[in-house]
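Notes follow the structure.
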Amino acid sequence: MNAGPEVKNIVLVHGGFVDGSGWQGVYDHLTADGYRVAIVQNPTLSLTGDVAATHQILDGLDGPAVLVGHSYGGVVITEAGNHPNVAALAYIAAFAPDKGESVNTLIADPPPGAPVPPILPPKDGFLFLDRDKFPASFAADLPAAQAKFMADSQVPWGVDALGGVVSEPAWRTKPSWYLVAADDRMIPPPAQRAMSERAGSTVTETPGSHAVYVSNPAAVAGVIAQAAETLSAR
């Protein structure tokens, strides 16, 4: 079997309440292994706007890429992943919606006993997490000072972004990988497992909070590299 084109481009998309700087550890691992890595800074005002920001990066690539999303970034890559330069998707403790779904529909009916993210009531069209509850819910496996900094440097998440509906899920036509964070208190692990199974993803599970991409960048980079290497060998 002839090997496919070598996949050396990685595009990382952050989720809600945070910016792209949290990807630095993953970036360091991947670039050390020779990958070309770009990070999308989502405006997080609307899904349409975030898909457009992702397409700007994808348009400039010189070859195929693995498109990676954390949390709400999973919604973005599900829609943006239809771009011709995307060879595969990688979900990191992320939403993986189907056609017609949004973050709002995916979180609308949590099962009994599931952790409920401490999202404050919207203010002027934006959402924040309760700063005092942020560390335990989002980043329980990070040093206290780092988790506090993340809580205090939150990015306002637009209500419209949560309501953004996926039109054509890219995972229906492109291979996907999924990293389940087993200790996540933002997206319950059973929901992660159900979404990854529905998408037909290659699944890895590791201990970790919702901020697993910050706390365990080696595991996250390993999943992404596995996707790239698998594609290159096909």
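Starting from 1 in every chain, residues are counted up; chains themselves are A, B, ... following the order of the structure tokens, and ligands are numbered from 1 as listed.
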
Please report, as a ChimeraX atom specification, each residue of chain A to which DSSP assigns helix (DSSP H, G or I) when run on this structure's backbone.
/A:20-32,47-59,73-80,103-106,134-138,144-152,159-162,170-172,189-199,212-215,217-233

Residues of region 27-126 of chain A that have any atom at most 12 Å from an atom of region 194-209 of chain A: could you tabulate them with the shortest-distance atom pair and the distance in Å to one decimal, using only C-alpha atoms, ordered by chain and increasing number, as JSON lines?
```
{"residue": "A:Ser71", "atom": "CA", "partner": "A:Ser209", "partner_atom": "CA", "distance": 11.6}
{"residue": "A:Gly74", "atom": "CA", "partner": "A:Met195", "partner_atom": "CA", "distance": 10.7}
{"residue": "A:Val75", "atom": "CA", "partner": "A:Met195", "partner_atom": "CA", "distance": 11.6}
{"residue": "A:Thr78", "atom": "CA", "partner": "A:Ala199", "partner_atom": "CA", "distance": 10.3}
{"residue": "A:Ala88", "atom": "CA", "partner": "A:Ser201", "partner_atom": "CA", "distance": 10.3}
{"residue": "A:Leu89", "atom": "CA", "partner": "A:Ser201", "partner_atom": "CA", "distance": 9.0}
{"residue": "A:Ala90", "atom": "CA", "partner": "A:Ser201", "partner_atom": "CA", "distance": 8.6}
{"residue": "A:Tyr91", "atom": "CA", "partner": "A:Ser196", "partner_atom": "CA", "distance": 8.4}
{"residue": "A:Ile92", "atom": "CA", "partner": "A:Thr204", "partner_atom": "CA", "distance": 9.8}
{"residue": "A:Ala93", "atom": "CA", "partner": "A:Ser209", "partner_atom": "CA", "distance": 8.8}
{"residue": "A:Ala94", "atom": "CA", "partner": "A:Met195", "partner_atom": "CA", "distance": 9.0}
{"residue": "A:Phe95", "atom": "CA", "partner": "A:Met195", "partner_atom": "CA", "distance": 7.4}
{"residue": "A:Ala96", "atom": "CA", "partner": "A:Met195", "partner_atom": "CA", "distance": 5.8}
{"residue": "A:Pro97", "atom": "CA", "partner": "A:Met195", "partner_atom": "CA", "distance": 7.4}
{"residue": "A:Asp98", "atom": "CA", "partner": "A:Ala199", "partner_atom": "CA", "distance": 8.4}
{"residue": "A:Lys99", "atom": "CA", "partner": "A:Ala199", "partner_atom": "CA", "distance": 11.6}
{"residue": "A:Glu101", "atom": "CA", "partner": "A:Met195", "partner_atom": "CA", "distance": 11.8}
{"residue": "A:Leu106", "atom": "CA", "partner": "A:Met195", "partner_atom": "CA", "distance": 9.8}
```

Atomic distance CA of Gly63 (chain A) - CA of Thr44 (chain A), expressed in Å with one decimal
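Interatomic distance here is 26.6 Å.
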
Would you kindly return, as a list in words, each protein, DNA or RNA residue with an atom no farther than 6 Å from any atom of Phe128 (chain A), considering only C-alpha atoms and excluding same-chain residues fewer than 2 positions away?
Ile119, Leu120 and Pro156 of chain A

Output file for the residues above (all heavy atoms, as an mmCIF file, in the first residue's frame):
```cif
data_model
loop_
_atom_site.group_PDB
_atom_site.id
_atom_site.type_symbol
_atom_site.label_atom_id
_atom_site.label_comp_id
_atom_site.auth_asym_id
_atom_site.auth_seq_id
_atom_site.Cartn_x
_atom_site.Cartn_y
_atom_site.Cartn_z
ATOM 1 N N ILE A 119 -21.488 28.124 35.210
ATOM 2 C CA ILE A 119 -21.645 29.237 34.266
ATOM 3 C C ILE A 119 -22.568 30.284 34.889
ATOM 4 O O ILE A 119 -23.676 29.962 35.325
ATOM 5 C CB ILE A 119 -22.217 28.739 32.930
ATOM 6 C CG1 ILE A 119 -21.292 27.680 32.318
ATOM 7 C CG2 ILE A 119 -22.408 29.906 31.960
ATOM 8 C CD1 ILE A 119 -21.855 27.025 31.060
ATOM 9 N N LEU A 120 -22.105 31.512 34.916
ATOM 10 C CA LEU A 120 -22.900 32.601 35.469
ATOM 11 C C LEU A 120 -23.965 33.032 34.462
ATOM 12 O O LEU A 120 -23.824 32.791 33.259
ATOM 13 C CB LEU A 120 -21.989 33.779 35.815
ATOM 14 C CG LEU A 120 -20.917 33.500 36.874
ATOM 15 C CD1 LEU A 120 -19.969 34.687 36.986
ATOM 16 C CD2 LEU A 120 -21.560 33.198 38.224
ATOM 17 N N PRO A 156 -14.495 36.282 27.507
ATOM 18 C CA PRO A 156 -15.955 36.244 27.456
ATOM 19 C C PRO A 156 -16.434 35.360 26.298
ATOM 20 O O PRO A 156 -15.939 35.478 25.177
ATOM 21 C CB PRO A 156 -16.360 37.710 27.225
ATOM 22 C CG PRO A 156 -15.130 38.517 27.278
ATOM 23 C CD PRO A 156 -13.953 37.616 27.284
#
```

Residues of region 3-229 of chain A in strand (DSSP E or B) according to DSSP, as a ChimeraX atom specification?
/A:9-13,36-40,65-70,86-92,119,123,126-127,129,157-158,176-181,202-206

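Across the model, the gap from CA of Arg193 (chain A) to CA of Pro111 (chain A) is 14.1 Å.
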
Fewer than 5 positions away in the same chain doesn't count, so skip those; otherwise give me all residues within 8 Å of Gly158 (chain A), counting only C-alpha atoms, as a PyMOL selection string.
chain A and resi 44-46+125-127

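Among the candidates A:Ala181, A:Val86, A:Ala32, A:Val159, the one nearest to Asn104 (chain A) when counting only C-alpha atoms is A:Val159.
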
In terms of only C-alpha atoms, the residue from A:Ala145, A:Ala228, A:Val166, A:Val76 at minimal distance from Asp50 (chain A) is A:Val76

Which residues are close to His210 (chain A), i.e. within 9 Å by only C-alpha atoms, leaving aside same-chain residues fewer than 2 positions away? Reply as an MDAnalysis selection string.
chainID A and resid 70:71 92:94 137:141 181:187 208 212:213

Selected residues written out, N, CA and C atoms, as a PDB file, in the first residue's frame:
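Once written, selection.pdb looks like this:
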```pdb
ATOM      1  N   HIS A  70     -10.430  21.723  21.326  1.00  0.00           N
ATOM      2  CA  HIS A  70     -10.694  21.450  22.731  1.00  0.00           C
ATOM      3  C   HIS A  70     -12.036  22.062  23.111  1.00  0.00           C
ATOM      4  N   SER A  71     -12.869  21.315  23.836  1.00  0.00           N
ATOM      5  CA  SER A  71     -14.129  21.825  24.368  1.00  0.00           C
ATOM      6  C   SER A  71     -15.020  22.371  23.249  1.00  0.00           C
ATOM      7  N   ILE A  92     -10.232  16.958  21.749  1.00  0.00           N
ATOM      8  CA  ILE A  92      -9.586  16.863  23.053  1.00  0.00           C
ATOM      9  C   ILE A  92     -10.602  17.296  24.112  1.00  0.00           C
ATOM     10  N   ALA A  93     -11.204  16.315  24.797  1.00  0.00           N
ATOM     11  CA  ALA A  93     -12.256  16.621  25.782  1.00  0.00           C
ATOM     12  C   ALA A  93     -13.220  17.647  25.205  1.00  0.00           C
ATOM     13  N   ALA A  94     -13.750  17.321  24.031  1.00  0.00           N
ATOM     14  CA  ALA A  94     -14.453  18.321  23.226  1.00  0.00           C
ATOM     15  C   ALA A  94     -15.856  17.867  22.860  1.00  0.00           C
ATOM     16  N   SER A 137     -13.777  23.075  38.667  1.00  0.00           N
ATOM     17  CA  SER A 137     -14.566  22.594  37.535  1.00  0.00           C
ATOM     18  C   SER A 137     -13.751  22.439  36.263  1.00  0.00           C
ATOM     19  N   PHE A 138     -12.838  23.359  36.012  1.00  0.00           N
ATOM     20  CA  PHE A 138     -12.137  23.418  34.729  1.00  0.00           C
ATOM     21  C   PHE A 138     -10.716  22.876  34.812  1.00  0.00           C
ATOM     22  N   ALA A 139     -10.051  23.096  35.941  1.00  0.00           N
ATOM     23  CA  ALA A 139      -8.600  22.882  35.984  1.00  0.00           C
ATOM     24  C   ALA A 139      -8.147  22.268  37.298  1.00  0.00           C
ATOM     25  N   ALA A 140      -8.829  21.222  37.756  1.00  0.00           N
ATOM     26  CA  ALA A 140      -8.557  20.668  39.081  1.00  0.00           C
ATOM     27  C   ALA A 140      -7.188  20.017  39.197  1.00  0.00           C
ATOM     28  N   ASP A 141      -6.558  19.664  38.070  1.00  0.00           N
ATOM     29  CA  ASP A 141      -5.253  19.005  38.133  1.00  0.00           C
ATOM     30  C   ASP A 141      -4.101  19.963  37.811  1.00  0.00           C
ATOM     31  N   ALA A 181     -11.018  12.938  28.688  1.00  0.00           N
ATOM     32  CA  ALA A 181     -10.432  13.309  29.977  1.00  0.00           C
ATOM     33  C   ALA A 181     -11.306  12.693  31.072  1.00  0.00           C
ATOM     34  N   ALA A 182     -10.768  11.697  31.751  1.00  0.00           N
ATOM     35  CA  ALA A 182     -11.592  10.861  32.631  1.00  0.00           C
ATOM     36  C   ALA A 182     -12.089  11.579  33.882  1.00  0.00           C
ATOM     37  N   ASP A 183     -11.481  12.717  34.222  1.00  0.00           N
ATOM     38  CA  ASP A 183     -11.880  13.439  35.436  1.00  0.00           C
ATOM     39  C   ASP A 183     -12.532  14.788  35.111  1.00  0.00           C
ATOM     40  N   ASP A 184     -13.002  14.927  33.888  1.00  0.00           N
ATOM     41  CA  ASP A 184     -13.570  16.197  33.423  1.00  0.00           C
ATOM     42  C   ASP A 184     -14.855  16.525  34.184  1.00  0.00           C
ATOM     43  N   ARG A 185     -14.951  17.776  34.672  1.00  0.00           N
ATOM     44  CA  ARG A 185     -16.159  18.223  35.354  1.00  0.00           C
ATOM     45  C   ARG A 185     -16.854  19.353  34.580  1.00  0.00           C
ATOM     46  N   MET A 186     -16.467  19.528  33.322  1.00  0.00           N
ATOM     47  CA  MET A 186     -17.164  20.474  32.444  1.00  0.00           C
ATOM     48  C   MET A 186     -18.011  19.714  31.409  1.00  0.00           C
ATOM     49  N   ILE A 187     -17.377  18.782  30.705  1.00  0.00           N
ATOM     50  CA  ILE A 187     -18.090  17.880  29.792  1.00  0.00           C
ATOM     51  C   ILE A 187     -17.978  16.480  30.405  1.00  0.00           C
ATOM     52  N   GLY A 208      -7.460  13.161  33.840  1.00  0.00           N
ATOM     53  CA  GLY A 208      -7.243  14.582  33.580  1.00  0.00           C
ATOM     54  C   GLY A 208      -8.514  15.379  33.693  1.00  0.00           C
ATOM     55  N   VAL A 212      -6.973  19.204  30.418  1.00  0.00           N
ATOM     56  CA  VAL A 212      -5.973  18.162  30.187  1.00  0.00           C
ATOM     57  C   VAL A 212      -4.924  18.594  29.157  1.00  0.00           C
ATOM     58  N   TYR A 213      -5.310  19.449  28.241  1.00  0.00           N
ATOM     59  CA  TYR A 213      -4.351  19.913  27.232  1.00  0.00           C
ATOM     60  C   TYR A 213      -3.264  20.789  27.856  1.00  0.00           C
TER      61      TYR A 213
END
```

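Nearest residue to Pro112 (chain A) among A:Pro5, A:Gly16, A:Pro188, A:Gly22 is A:Pro188, counting only C-alpha atoms.
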
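Considering only C-alpha atoms, the residue among A:Pro110, A:His14, A:Gly49, A:Pro117 positioned nearest to Tyr72 (chain A) is A:His14.
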
Figure out the distance between CA of Glu79 (chain A) and CA of Met150 (chain A), please, to one decimal in Å.
27.0 Å

May I have the residues within 6 Å of region 215-225 of chain A as a list in words, using only C-alpha atoms and disregarding those fewer than 5 positions away in the same chain?
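In the requested format, the answer is Gly25, Val26 and Leu142 of chain A.
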
Keeping only all heavy atoms, write the selected residues as an mmCIF file, in the first residue's frame.
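Output file selection.cif follows:
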```cif
data_model
loop_
_atom_site.group_PDB
_atom_site.id
_atom_site.type_symbol
_atom_site.label_atom_id
_atom_site.label_comp_id
_atom_site.auth_asym_id
_atom_site.auth_seq_id
_atom_site.Cartn_x
_atom_site.Cartn_y
_atom_site.Cartn_z
ATOM 1 N N GLY A 25 2.085 24.053 25.726
ATOM 2 C CA GLY A 25 2.760 22.788 26.008
ATOM 3 C C GLY A 25 2.602 21.789 24.877
ATOM 4 O O GLY A 25 3.565 21.101 24.491
ATOM 5 N N VAL A 26 1.391 21.691 24.335
ATOM 6 C CA VAL A 26 1.148 20.800 23.197
ATOM 7 C C VAL A 26 1.950 21.271 21.994
ATOM 8 O O VAL A 26 2.571 20.470 21.287
ATOM 9 C CB VAL A 26 -0.364 20.761 22.872
ATOM 10 C CG1 VAL A 26 -0.629 19.936 21.617
ATOM 11 C CG2 VAL A 26 -1.149 20.196 24.059
ATOM 12 N N LEU A 142 -4.365 21.263 37.838
ATOM 13 C CA LEU A 142 -3.309 22.255 37.649
ATOM 14 C C LEU A 142 -2.916 22.858 38.994
ATOM 15 O O LEU A 142 -3.708 22.853 39.943
ATOM 16 C CB LEU A 142 -3.792 23.378 36.725
ATOM 17 C CG LEU A 142 -3.992 23.019 35.256
ATOM 18 C CD1 LEU A 142 -4.498 24.238 34.494
ATOM 19 C CD2 LEU A 142 -2.712 22.497 34.640
#
```

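Comparing A:Trp171, A:Ala227, A:Lys8, A:Lys133 by their smallest distance to Gly34 (chain A), the closest is A:Lys8 (using only C-alpha atoms).
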